[in-house]
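Enquirer: Okay, so here is data-v7.cif, and as you'll see once you scroll down, it has mmCIF, C-alpha atoms and all ligand atoms.
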```
data_my_file
loop_
_atom_site.label_atom_id
_atom_site.label_comp_id
_atom_site.auth_asym_id
_atom_site.auth_seq_id
_atom_site.Cartn_x
_atom_site.Cartn_y
_atom_site.Cartn_z
CA MET A 1 110.87 106.22 134.67
CA GLN A 2 110.95 108.37 131.55
CA GLU A 3 107.67 110.19 130.88
CA PHE A 4 106.13 111.05 127.52
CA ASP A 5 102.92 112.61 126.25
CA VAL A 6 102.20 109.66 123.98
CA ILE A 7 103.67 106.17 123.73
CA ILE A 8 103.13 104.48 120.37
CA VAL A 9 103.45 100.70 120.31
CA GLY A 10 104.55 99.54 116.87
CA ALA A 11 106.71 101.30 114.29
CA GLY A 12 104.96 100.20 111.11
CA PRO A 13 103.38 102.70 108.69
CA ALA A 14 100.62 103.54 111.22
CA GLY A 15 102.89 104.06 114.24
CA LEU A 16 105.60 105.96 112.37
CA ARG A 17 103.12 108.27 110.69
CA ALA A 18 101.49 109.01 114.06
CA ALA A 19 104.93 109.59 115.63
CA ALA A 20 105.80 112.24 113.02
CA LYS A 21 102.41 113.97 113.21
CA LEU A 22 102.46 114.12 117.01
CA ALA A 23 106.08 115.26 117.17
CA LYS A 24 105.26 117.97 114.65
CA GLY A 25 102.50 119.07 117.03
CA LYS A 26 105.20 119.37 119.73
CA ALA A 27 104.10 116.31 121.70
CA ARG A 28 106.78 114.27 123.48
CA VAL A 29 106.53 110.95 121.69
CA LEU A 30 108.06 107.52 122.20
CA CYS A 31 107.53 104.91 119.48
CA VAL A 32 108.72 101.38 120.25
CA ASP A 33 109.03 98.32 118.03
CA LYS A 34 110.02 94.78 118.88
CA LYS A 35 111.81 94.35 115.54
CA GLN A 36 115.53 94.92 115.45
CA GLU A 37 115.29 96.74 112.16
CA ILE A 38 112.44 99.01 111.07
CA GLY A 39 110.53 97.50 108.13
CA VAL A 40 112.27 94.10 108.32
CA PRO A 41 110.91 91.53 107.76
CA LYS A 42 108.17 92.96 105.64
CA ARG A 43 104.74 91.36 105.65
CA CYS A 44 103.59 92.95 102.46
CA GLY A 45 103.23 92.74 98.68
CA GLU A 46 104.51 96.35 98.73
CA GLY A 47 101.82 97.75 96.42
CA LEU A 48 100.95 101.38 97.21
CA GLY A 49 98.49 103.38 95.09
CA LEU A 50 99.39 106.88 93.90
CA ALA A 51 95.95 108.10 95.06
CA TRP A 52 96.97 107.16 98.60
CA MET A 53 100.31 108.95 98.31
CA ASN A 54 98.55 112.08 97.02
CA ARG A 55 95.93 111.93 99.76
CA LEU A 56 98.66 111.59 102.41
CA GLY A 57 101.03 114.14 100.87
CA ILE A 58 103.75 111.54 100.28
CA LYS A 59 105.97 112.28 97.29
CA PRO A 60 107.10 109.23 95.29
CA ASP A 61 110.82 108.85 95.89
CA LYS A 62 113.12 106.82 93.70
CA ARG A 63 114.87 105.42 96.78
CA TRP A 64 111.79 103.32 97.57
CA CYS A 65 109.49 103.54 94.51
CA LEU A 66 110.91 100.55 92.63
CA GLN A 67 108.37 99.85 89.92
CA PRO A 68 105.73 102.21 88.49
CA ILE A 69 102.40 100.46 87.93
CA TYR A 70 100.17 101.27 84.96
CA GLY A 71 97.25 98.96 85.65
CA ALA A 72 96.10 95.57 86.80
CA ALA A 73 95.59 92.26 85.04
CA LEU A 74 92.92 90.06 86.63
CA TYR A 75 92.99 86.41 85.60
CA ALA A 76 89.94 84.10 85.79
CA PRO A 77 90.63 80.41 86.59
CA SER A 78 90.79 79.55 82.84
CA GLY A 79 93.48 82.20 82.30
CA LYS A 80 91.09 84.69 80.64
CA CYS A 81 92.34 88.15 81.56
CA VAL A 82 90.51 91.41 82.30
CA GLU A 83 92.85 94.40 82.03
CA ILE A 84 92.48 97.64 83.95
CA LYS A 85 94.64 100.08 82.03
CA PHE A 86 95.66 103.56 83.07
CA ASN A 87 97.47 105.90 80.70
CA LYS A 88 99.60 107.18 83.55
CA VAL A 89 101.26 105.79 86.65
CA SER A 90 98.61 104.64 89.14
CA GLY A 91 100.90 103.40 91.91
CA TYR A 92 104.20 101.78 92.77
CA VAL A 93 105.61 98.58 94.08
CA ILE A 94 107.83 99.96 96.80
CA GLU A 95 110.78 98.75 98.86
CA ARG A 96 109.05 98.81 102.22
CA ARG A 97 112.24 98.46 104.23
CA ILE A 98 113.49 101.77 102.81
CA PHE A 99 110.05 103.45 102.88
CA GLU A 100 109.56 102.70 106.57
CA LYS A 101 113.10 103.76 107.47
CA GLU A 102 112.41 107.07 105.74
CA LEU A 103 109.21 107.47 107.79
CA ALA A 104 111.23 106.68 110.93
CA LYS A 105 113.94 109.20 110.05
CA GLN A 106 111.36 111.90 109.42
CA ALA A 107 109.68 111.22 112.78
CA ALA A 108 113.05 111.17 114.57
CA GLN A 109 114.10 114.46 112.95
CA LEU A 110 110.95 115.99 114.40
CA ASN A 111 112.12 114.78 117.84
CA ALA A 112 110.03 111.63 118.23
CA LEU A 113 112.09 109.04 120.06
CA ILE A 114 112.12 105.71 118.19
CA LYS A 115 113.35 102.54 119.84
CA THR A 116 113.85 99.21 118.06
CA LYS A 117 114.25 95.77 119.66
CA CYS A 118 111.93 97.10 122.33
CA TYR A 119 109.04 94.74 123.04
CA ALA A 120 106.16 96.30 125.01
CA HIS A 121 104.70 93.45 127.04
CA SER A 122 102.74 94.92 129.97
CA PHE A 123 100.44 97.88 130.34
CA GLU A 124 99.12 99.21 133.63
CA ARG A 125 96.89 102.22 134.26
CA LYS A 126 98.04 104.22 137.30
CA ASN A 127 97.09 107.76 138.40
CA GLY A 128 95.69 108.74 134.99
CA LYS A 129 98.72 107.39 133.12
CA VAL A 130 99.73 104.11 131.52
CA ILE A 131 102.96 102.45 132.57
CA VAL A 132 104.34 100.50 129.64
CA SER A 133 106.86 97.79 130.53
CA CYS A 134 109.25 96.73 127.80
CA THR A 135 112.04 94.27 127.18
CA GLU A 136 114.59 96.47 125.48
CA GLN A 137 117.62 94.70 124.05
CA GLY A 138 117.35 92.19 126.90
CA ILE A 139 116.86 94.80 129.65
CA GLU A 140 113.56 95.53 131.44
CA THR A 141 112.50 99.18 131.09
CA GLN A 142 109.38 101.19 131.91
CA TYR A 143 107.91 104.31 130.34
CA SER A 144 104.78 106.23 131.16
CA ALA A 145 102.33 108.48 129.32
CA PRO A 146 98.69 109.49 129.65
CA LEU A 147 97.99 108.14 126.16
CA VAL A 148 98.99 104.96 124.35
CA ILE A 149 98.49 104.61 120.61
CA ALA A 150 98.30 100.91 119.77
CA ALA A 151 99.80 100.48 116.29
CA ASP A 152 101.09 96.97 116.88
CA GLY A 153 99.50 95.28 113.89
CA THR A 154 97.48 92.08 113.96
CA GLU A 155 99.09 91.02 117.27
CA ALA A 156 97.12 93.88 118.90
CA LEU A 157 98.56 93.12 122.33
CA ALA A 158 98.47 96.71 123.65
CA ALA A 159 94.75 97.21 123.01
CA ARG A 160 93.92 93.80 124.45
CA LYS A 161 95.92 94.42 127.61
CA LEU A 162 94.25 97.80 128.02
CA GLY A 163 90.84 96.17 127.99
CA LEU A 164 89.61 96.53 124.40
CA ASN A 165 88.10 93.50 122.71
CA THR A 166 90.18 92.99 119.55
CA ALA A 167 89.11 89.37 119.03
CA ILE A 168 88.60 88.31 115.46
CA SER A 169 87.13 85.02 114.29
CA LEU A 170 89.20 82.71 112.12
CA LYS A 171 86.81 83.16 109.20
CA ASP A 172 87.64 86.89 109.15
CA ILE A 173 91.39 86.35 108.83
CA ASP A 174 93.33 85.79 105.63
CA SER A 175 96.59 83.99 105.70
CA GLY A 176 99.29 85.56 103.50
CA TYR A 177 102.44 83.92 102.17
CA GLN A 178 104.89 85.43 99.75
CA TYR A 179 108.20 84.87 98.01
CA GLU A 180 110.29 87.71 96.70
CA MET A 181 111.62 86.11 93.52
CA ALA A 182 114.39 86.87 91.06
CA ASN A 183 115.16 85.52 87.58
CA ILE A 184 111.51 85.03 86.71
CA SER A 185 109.33 86.03 83.77
CA PHE A 186 105.64 86.84 83.58
CA GLN A 187 103.16 88.75 81.42
CA ASN A 188 102.41 92.39 82.14
CA PRO A 189 105.54 93.45 84.07
CA ASN A 190 104.08 96.98 84.39
CA TYR A 191 100.87 95.75 85.99
CA ILE A 192 99.95 94.13 89.22
CA ASN A 193 98.79 90.64 88.27
CA LEU A 194 96.04 88.87 90.22
CA PHE A 195 94.95 85.26 89.73
CA PHE A 196 91.56 83.97 90.95
CA GLY A 197 89.99 80.54 91.31
CA LYS A 198 88.97 78.09 94.02
CA GLU A 199 91.81 75.72 93.07
CA ILE A 200 94.39 78.52 92.86
CA ALA A 201 93.51 80.52 95.97
CA PRO A 202 90.22 79.73 97.74
CA ARG A 203 88.47 82.92 98.93
CA GLY A 204 91.46 84.97 97.83
CA TYR A 205 93.98 85.34 95.05
CA CYS A 206 97.59 84.87 94.03
CA TRP A 207 99.56 87.94 93.03
CA ILE A 208 102.63 88.94 91.10
CA PHE A 209 103.73 92.46 92.04
CA PRO A 210 106.70 93.41 89.84
CA LYS A 211 109.73 95.01 91.51
CA GLY A 212 111.98 95.32 88.44
CA LYS A 213 113.31 93.23 85.59
CA GLY A 214 112.70 89.54 86.34
CA HIS A 215 112.04 90.46 89.98
CA ALA A 216 108.68 90.40 91.83
CA ASN A 217 106.77 89.65 94.99
CA VAL A 218 104.82 86.47 94.24
CA GLY A 219 102.26 85.79 96.94
CA ILE A 220 98.92 84.50 98.03
CA GLY A 221 96.18 85.48 100.47
CA ILE A 222 93.54 82.89 101.37
CA ALA A 223 91.08 82.15 104.14
CA ALA A 224 93.09 81.20 107.23
CA ALA A 225 90.66 78.34 107.92
CA GLU A 226 91.56 76.43 104.69
CA ARG A 227 92.75 72.86 105.13
CA LYS A 228 95.81 73.30 102.88
CA THR A 229 98.25 76.03 103.90
CA ALA A 230 98.81 79.24 101.97
CA LYS A 231 102.36 78.03 101.26
CA GLU A 232 101.08 74.82 99.66
CA TYR A 233 98.72 76.75 97.39
CA LEU A 234 101.47 79.23 96.50
CA ASP A 235 103.94 76.46 95.67
CA SER A 236 101.34 74.81 93.37
CA PHE A 237 100.67 78.14 91.67
CA ILE A 238 104.39 78.74 91.06
CA GLU A 239 104.85 75.18 89.79
CA SER A 240 102.04 75.78 87.28
CA LYS A 241 103.82 78.80 85.75
CA PRO A 242 106.86 77.98 83.61
CA GLY A 243 108.18 81.55 83.99
CA LEU A 244 108.17 81.28 87.79
CA ARG A 245 108.99 77.67 88.48
CA ASN A 246 112.78 77.99 88.01
CA GLY A 247 113.15 81.36 89.70
CA SER A 248 115.10 82.00 92.88
CA ILE A 249 113.44 82.85 96.19
CA ILE A 250 115.36 85.72 97.77
CA GLU A 251 112.98 86.39 100.69
CA VAL A 252 110.08 84.57 102.35
CA ASN A 253 107.30 86.52 104.06
CA ALA A 254 104.24 85.38 105.95
CA GLY A 255 101.51 87.17 107.84
CA THR A 256 97.83 87.40 108.59
CA ILE A 257 95.39 89.99 107.30
CA PRO A 258 92.24 91.00 109.22
CA VAL A 259 89.83 91.26 106.27
CA GLY A 260 86.49 90.63 107.97
CA GLY A 261 85.61 94.06 109.33
CA PHE A 262 86.78 96.81 111.63
CA LEU A 263 86.77 97.22 115.39
CA GLU A 264 83.52 98.88 116.41
CA GLU A 265 85.21 100.58 119.34
CA MET A 266 88.72 101.90 118.61
CA THR A 267 89.38 103.75 121.85
CA ALA A 268 89.28 103.20 125.59
CA ASP A 269 90.50 105.35 128.49
CA ASN A 270 94.13 106.34 127.66
CA LEU A 271 94.04 104.33 124.40
CA ILE A 272 93.61 104.81 120.65
CA VAL A 273 94.01 101.89 118.23
CA ILE A 274 95.13 102.38 114.61
CA GLY A 275 96.04 100.35 111.51
CA ASP A 276 95.94 96.56 111.38
CA ALA A 277 95.46 96.48 115.16
CA ALA A 278 92.02 98.06 114.51
CA HIS A 279 91.51 95.76 111.47
CA GLN A 280 91.65 98.82 109.20
CA VAL A 281 92.41 97.13 105.86
CA ASN A 282 90.66 96.99 102.51
CA PRO A 283 88.47 93.89 102.85
CA ILE A 284 88.68 93.06 99.14
CA HIS A 285 92.43 93.03 98.54
CA GLY A 286 93.84 93.24 102.07
CA GLY A 287 95.91 96.37 101.35
CA GLY A 288 96.38 98.43 104.49
CA MET A 289 99.39 100.77 104.34
CA GLY A 290 97.49 103.84 103.09
CA ILE A 291 94.51 103.16 105.33
CA ALA A 292 96.79 102.74 108.37
CA MET A 293 98.57 106.05 107.73
CA GLU A 294 95.30 107.92 107.20
CA ALA A 295 93.98 106.51 110.49
CA ALA A 296 97.23 107.67 112.13
CA ASP A 297 96.53 111.22 110.91
CA ILE A 298 93.00 111.16 112.33
CA ALA A 299 94.22 109.68 115.62
CA SER A 300 97.03 112.25 115.92
CA GLU A 301 94.61 115.17 115.53
CA VAL A 302 92.45 113.77 118.34
CA ALA A 303 95.51 112.99 120.50
CA LEU A 304 96.80 116.57 120.16
CA LYS A 305 93.37 117.89 121.21
CA ALA A 306 93.35 115.47 124.16
CA LEU A 307 96.77 116.75 125.24
CA LYS A 308 95.59 120.34 125.06
CA ARG A 309 92.52 119.57 127.21
CA ASN A 310 94.33 117.05 129.39
CA ASP A 311 91.44 114.67 128.77
CA PHE A 312 92.32 111.07 127.89
CA SER A 313 88.95 109.54 128.70
CA HIS A 314 87.21 107.17 126.33
CA SER A 315 84.32 109.63 126.08
CA PHE A 316 86.69 112.28 124.67
CA LEU A 317 88.88 109.98 122.54
CA LYS A 318 85.97 108.19 120.89
CA GLN A 319 85.58 111.07 118.41
CA TYR A 320 88.47 109.33 116.60
CA THR A 321 86.31 106.26 115.90
CA ALA A 322 83.45 108.42 114.64
CA GLU A 323 85.79 110.47 112.43
CA TRP A 324 87.46 107.36 111.04
CA TYR A 325 84.14 105.75 110.09
CA LYS A 326 83.06 109.01 108.44
CA THR A 327 86.31 109.42 106.48
CA ARG A 328 87.04 105.82 105.53
CA GLY A 329 85.15 103.16 107.48
CA LYS A 330 81.74 103.62 105.81
CA ASN A 331 83.29 103.21 102.37
CA LEU A 332 85.22 100.13 103.48
CA GLN A 333 82.01 98.66 104.91
CA LYS A 334 80.57 98.74 101.36
CA LEU A 335 83.65 96.89 100.13
CA LEU A 336 83.13 94.34 102.89
CA ARG A 337 79.68 93.63 101.43
CA GLN A 338 81.35 93.12 98.06
CA ARG A 339 83.80 90.73 99.64
CA HIS A 340 80.88 88.65 100.87
CA MET A 341 79.50 88.75 97.33
CA LEU A 342 82.79 87.51 95.85
CA GLU A 343 82.88 84.70 98.40
CA GLU A 344 79.58 83.40 97.01
CA LEU A 345 80.78 83.27 93.41
CA SER A 346 81.85 79.99 91.83
CA ASP A 347 84.70 79.59 89.35
CA ASP A 348 82.08 79.48 86.56
CA ASN A 349 80.73 82.82 87.79
CA PHE A 350 84.26 84.27 87.60
CA GLU A 351 84.57 83.00 84.01
CA THR A 352 81.25 84.65 83.12
CA LEU A 353 82.41 87.90 84.70
CA ALA A 354 85.77 87.78 82.90
CA LYS A 355 83.95 87.36 79.57
CA SER A 356 81.30 90.00 80.24
CA ILE A 357 82.76 92.93 82.14
CA SER A 358 85.52 95.41 81.39
CA GLY A 359 88.36 96.89 83.44
CA GLU A 360 86.22 100.04 83.89
CA ASP A 361 83.43 97.92 85.37
CA VAL A 362 85.91 96.36 87.80
CA MET A 363 86.99 99.87 88.84
CA LYS A 364 83.35 100.74 89.66
CA LEU A 365 83.27 97.73 91.96
CA ALA A 366 86.66 98.56 93.48
CA GLU A 367 85.64 102.15 94.18
CA ALA A 368 82.48 100.93 95.98
CA ASP A 369 80.32 102.79 93.43
CA MET A 370 77.30 100.72 94.42
CA VAL A 371 74.78 102.43 92.09
CA GLY A 372 77.10 102.32 89.06
CA SER A 373 78.05 98.72 89.82
CA ALA A 374 74.43 97.60 90.24
CA LYS A 375 73.46 99.24 86.93
CA MET A 376 76.45 97.62 85.21
CA VAL A 377 75.59 94.17 86.62
CA ALA A 378 71.93 94.43 85.58
CA LYS A 379 72.88 95.55 82.06
CA LYS A 380 75.85 93.33 81.26
CA LEU A 381 74.88 90.10 82.96
CA VAL A 382 71.24 90.07 81.91
CA ARG A 383 71.64 86.59 80.43
CA HIS A 384 72.86 85.20 83.76
CA PRO A 385 69.93 85.89 86.11
CA LYS A 386 71.26 83.74 88.99
CA LEU A 387 74.57 85.62 88.99
CA VAL A 388 72.75 88.97 88.79
CA LYS A 389 70.62 87.98 91.80
CA VAL A 390 73.67 87.13 93.94
CA MET A 391 75.52 90.30 92.95
CA LEU A 392 72.60 92.69 93.37
CA LYS A 393 71.92 91.32 96.84
CA TYR A 394 75.27 92.82 97.92
CA LEU A 395 75.27 95.96 95.77
CA LYS A 396 72.20 97.61 97.30
C1 LIG B 1 101.25 88.91 102.87
C2 LIG B 1 100.74 90.31 102.99
C3 LIG B 1 100.77 91.15 101.87
C4 LIG B 1 100.32 92.46 101.98
N1 LIG B 1 100.40 93.28 100.88
C5 LIG B 1 100.05 94.58 101.00
C6 LIG B 1 100.23 95.47 99.90
O1 LIG B 1 100.72 95.11 98.83
N2 LIG B 1 99.87 96.78 100.06
C7 LIG B 1 99.34 97.25 101.24
O2 LIG B 1 99.03 98.44 101.34
N3 LIG B 1 99.19 96.42 102.29
C8 LIG B 1 99.53 95.11 102.20
N4 LIG B 1 99.40 94.29 103.29
C9 LIG B 1 98.85 94.84 104.54
C10 LIG B 1 99.85 95.77 105.21
O3 LIG B 1 101.10 95.12 105.34
C11 LIG B 1 99.32 96.22 106.56
O4 LIG B 1 97.99 96.64 106.43
C12 LIG B 1 100.16 97.37 107.15
O5 LIG B 1 101.46 96.94 107.41
C13 LIG B 1 99.52 97.88 108.43
O6 LIG B 1 100.40 98.76 109.07
P1 LIG B 1 100.44 98.86 110.66
O7 LIG B 1 101.44 99.91 110.96
O8 LIG B 1 99.07 98.97 111.19
O9 LIG B 1 100.95 97.44 111.16
P2 LIG B 1 102.35 96.70 110.92
O10 LIG B 1 102.95 97.12 109.65
O11 LIG B 1 102.07 95.27 111.13
O12 LIG B 1 103.26 97.25 112.10
C14 LIG B 1 103.08 96.83 113.42
C15 LIG B 1 104.41 96.91 114.12
O13 LIG B 1 104.20 96.68 115.52
C16 LIG B 1 105.30 95.93 116.01
N5 LIG B 1 104.84 95.29 117.25
C17 LIG B 1 103.86 94.35 117.39
N6 LIG B 1 103.69 94.04 118.70
C18 LIG B 1 104.58 94.80 119.39
C19 LIG B 1 104.87 94.93 120.78
N7 LIG B 1 104.18 94.27 121.72
N8 LIG B 1 105.86 95.78 121.17
C20 LIG B 1 106.57 96.48 120.22
N9 LIG B 1 106.31 96.39 118.89
C21 LIG B 1 105.32 95.59 118.48
C22 LIG B 1 105.63 94.97 114.88
O14 LIG B 1 106.96 94.52 114.98
C23 LIG B 1 105.40 95.86 113.65
O15 LIG B 1 106.57 96.48 113.21
C24 LIG B 1 99.83 92.95 103.22
C25 LIG B 1 99.81 92.12 104.33
C26 LIG B 1 100.27 90.82 104.23
C27 LIG B 1 100.28 89.95 105.46
#
```
Can you turn what I pasted into structure tokens?
Expert:
Amino acid sequence: MQEFDVIIVGAGPAGLRAAAKLAKGKARVLCVDKKQEIGVPKRCGEGLGLAWMNRLGIKPDKRWCLQPIYGAALYAPSGKCVEIKFNKVSGYVIERRIFEKELAKQAAQLNALIKTKCYAHSFERKNGKVIVSCTEQGIETQYSAPLVIAADGTEALAARKLGLNTAISLKDIDSGYQYEMANISFQNPNYINLFFGKEIAPRGYCWIFPKGKGHANVGIGIAAAERKTAKEYLDSFIESKPGLRNGSIIEVNAGTIPVGGFLEEMTADNLIVIGDAAHQVNPIHGGGMGIAMEAADIASEVALKALKRNDFSHSFLKQYTAEWYKTRGKNLQKLLRQRHMLEELSDDNFETLAKSISGEDVMKLAEADMVGSAKMVAKKLVRHPKLVKVMLKYLK
């Protein structure tokens, strides 16, 4: 049985980032993924903010940065639009297949061993180590390491099997469905375009993320518990838009997004959980690539310390959870409150907001600037006391 210092389950953005960081720290790393090709199929609108790239030290690269984004257009149910405009590039719609392969190549060049078509199905603690059993291109294999990093996305099998409660209620899951479309037209091809309304996307939104001329990811995220499926809502949305209705669908993607909050406990003996597996996504828009990679950095630091001390106990590893909440989780918890606020708003409330507030005001909300947002709500919506009451309840 081949031995490693760390076995990472899942080669998405979280797992690959952790693989590179740990390999750079001279750890012997194995990173396995059940997919036969890294990054394929994607479950993603492929929007990545420049602030995230800067924070993570990732340089935009023309091989995977397809479309620079200069802002966002938010559409109320009536079609009224609030624009958030930046005078410089604020992010990119990327080609995730290429982005993730680049992450994998970087990790491999640092001596992390990456294996695809390698499904990790069983996990057993034995003599201070974890034996990970995999089905690898049809053959049963086993690997062992004192530490497993679970980066296996919403499936979260590794953490579950190693005794962590990763259960999530249906109300806290969004169901995502997306078509990559060609030969389409839409307004604002340099913006991400978001469409709100109970009839369009209950408790969520439809999106058009441009990938180039006449080419975009057109998707939807809605509460998983809805009676109609996300696909049905998306098809109705596309049918309602003359510029989309005759386009070609060149890829279909589906996936779930854990938007209802984060695992309270993200470690156990011999285990650290990162990324979607720990529900680390932005609860408002469901974006998770940047958050997953940041969590991977925090986890890798703790894992390297654990290796140095030869201590893989929960009581040592749990500093990762504390550090993650300090760095990111507390801020995301504020956004979770705002999500609950948005869930209470009716379509009429959205219309009022679209007429009353500016793109800058939306940014205050998006940045979880609770004081600035509360002041803005009190000032701009003074003639709508019921709406102010609902919003202020969540902005304290
Ligand atoms: C429809 C949709 C649109 C989205 N749009 C955006 C967006 O525009 N921008 C953004 O930032 N985020 C977006 N997200 C969220 C984003 O995709 C995730 O937050 C991100 O991929 C999390 O990365 P991860 O590495 O934690 O998990 P994943 O990317 O899910 O990677 C997990 C990996 O683990 C592998 N795996 C699972 N189980 C096993 C196993 N037992 N053995 C081996 N391998 C295993 C999987 O094959 C997978 O490759 C979207 C999500 C959805 C569903």
Enquirer: Using all atoms listed in the file and a cutoff of 12 Å, can you tell me which residues are near (87.5, 101.9, 116.4) in the file's coordinates, and write them out as number ranges by chain?
Expert: A: 150, 159, 164-166, 261-268, 271-280, 295, 298-299, 314, 317-326, 328-329
Enquirer: In Å, how far is it from atom CA of A:Asn331 to atom CA of A:Leu395?
Expert: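 For atom CA of A:Asn331 relative to atom CA of A:Leu395, the distance reads 12.7 Å.
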Enquirer: Quick one: distance from atom CA of A:Phe195 to atom CA of A:Glu351 in Å, one decimal?
Expert: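 Answer for the atom CA of A:Phe195 to atom CA of A:Glu351 separation: 12.1 Å.
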Enquirer: Restricting the calculation to only C-alpha atoms and all ligand atoms: of A:Ala108, A:Ala223, A:Leu244, A:Ala296, which residue gets closest to ligand LIG 1 (chain B)?
Expert: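 For ligand LIG 1 (chain B), the nearest of the candidates is A:Ala296.
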Enquirer: Which residue out of A:Ile94, A:Asn282, A:Met293, A:Ala107 has the minimum interatomic distance to A:Lys330 when only C-alpha atoms are used?
Expert: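 Checking each of A:Ile94, A:Asn282, A:Met293, A:Ala107 against A:Lys330, counting only C-alpha atoms, the winner is A:Asn282.
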Enquirer: Return as JSON lines the residues of stretch 102-179 of chain A lying at most 12 Å from stretch 230-237 of chain A, together with the closest atom-to-atom pair for each and the distance in Å to one decimal, counting all atoms listed in the file, with rows in chain order and ascending residue number.
Expert:
```
{"residue": "A:Asp174", "atom": "CA", "partner": "A:Ala230", "partner_atom": "CA", "distance": 9.3}
{"residue": "A:Ser175", "atom": "CA", "partner": "A:Ala230", "partner_atom": "CA", "distance": 6.4}
{"residue": "A:Gly176", "atom": "CA", "partner": "A:Ala230", "partner_atom": "CA", "distance": 6.5}
{"residue": "A:Tyr177", "atom": "CA", "partner": "A:Ala230", "partner_atom": "CA", "distance": 5.9}
{"residue": "A:Gln178", "atom": "CA", "partner": "A:Leu234", "partner_atom": "CA", "distance": 7.8}
{"residue": "A:Tyr179", "atom": "CA", "partner": "A:Leu234", "partner_atom": "CA", "distance": 8.9}
```
Enquirer: Show me, as a list in words, the residues that have an atom within 7 Å of stretch 196-200 of chain A when counting all atoms listed in the file, minus same-chain residues fewer than 3 positions from it.
Expert: Tyr75, Ala76, Pro77, Arg203, Gly204, Tyr205, Cys206, Tyr233, Phe237 and Asp347 of chain A
Enquirer: Pick out the residues sitting within 8 Å of A:Pro68, and hand them over as an MDAnalysis selection string; count only C-alpha atoms, and ignore anything fewer than 3 positions along from it in its own chain.
Expert: chainID A and resid 65 89:93 190
Enquirer: Of the residues A:Lys389, A:Lys396, A:Lys334, A:Lys380, which is the one nearest to A:Lys355, using only C-alpha atoms?
Expert: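 Closest candidate: A:Lys380.
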Enquirer: Which one of A:Leu194, A:Met181, A:Ala158, A:Val32 sits closest to A:Gln137 if you count all atoms listed in the file?
Expert: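 Of the candidates, the smallest distance to A:Gln137 is held by A:Val32.
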Enquirer: Neighbouring residues of ligand LIG 1 (chain B) are defined here as those with any atom at most 6 Å from a ligand atom, counting only C-alpha atoms and all ligand atoms; list them as a ChimeraX atom specification.
Expert: /A:9-15,32-35,43-48,118-121,151-153,155,157,176-178,254-257,275-277,281,286-290,292
Enquirer: Between atom CA of A:Pro283 and atom CA of A:Phe209, what is the distance, to one decimal in Å?
Expert: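 For atom CA of A:Pro283 relative to atom CA of A:Phe209, the distance reads 18.8 Å.
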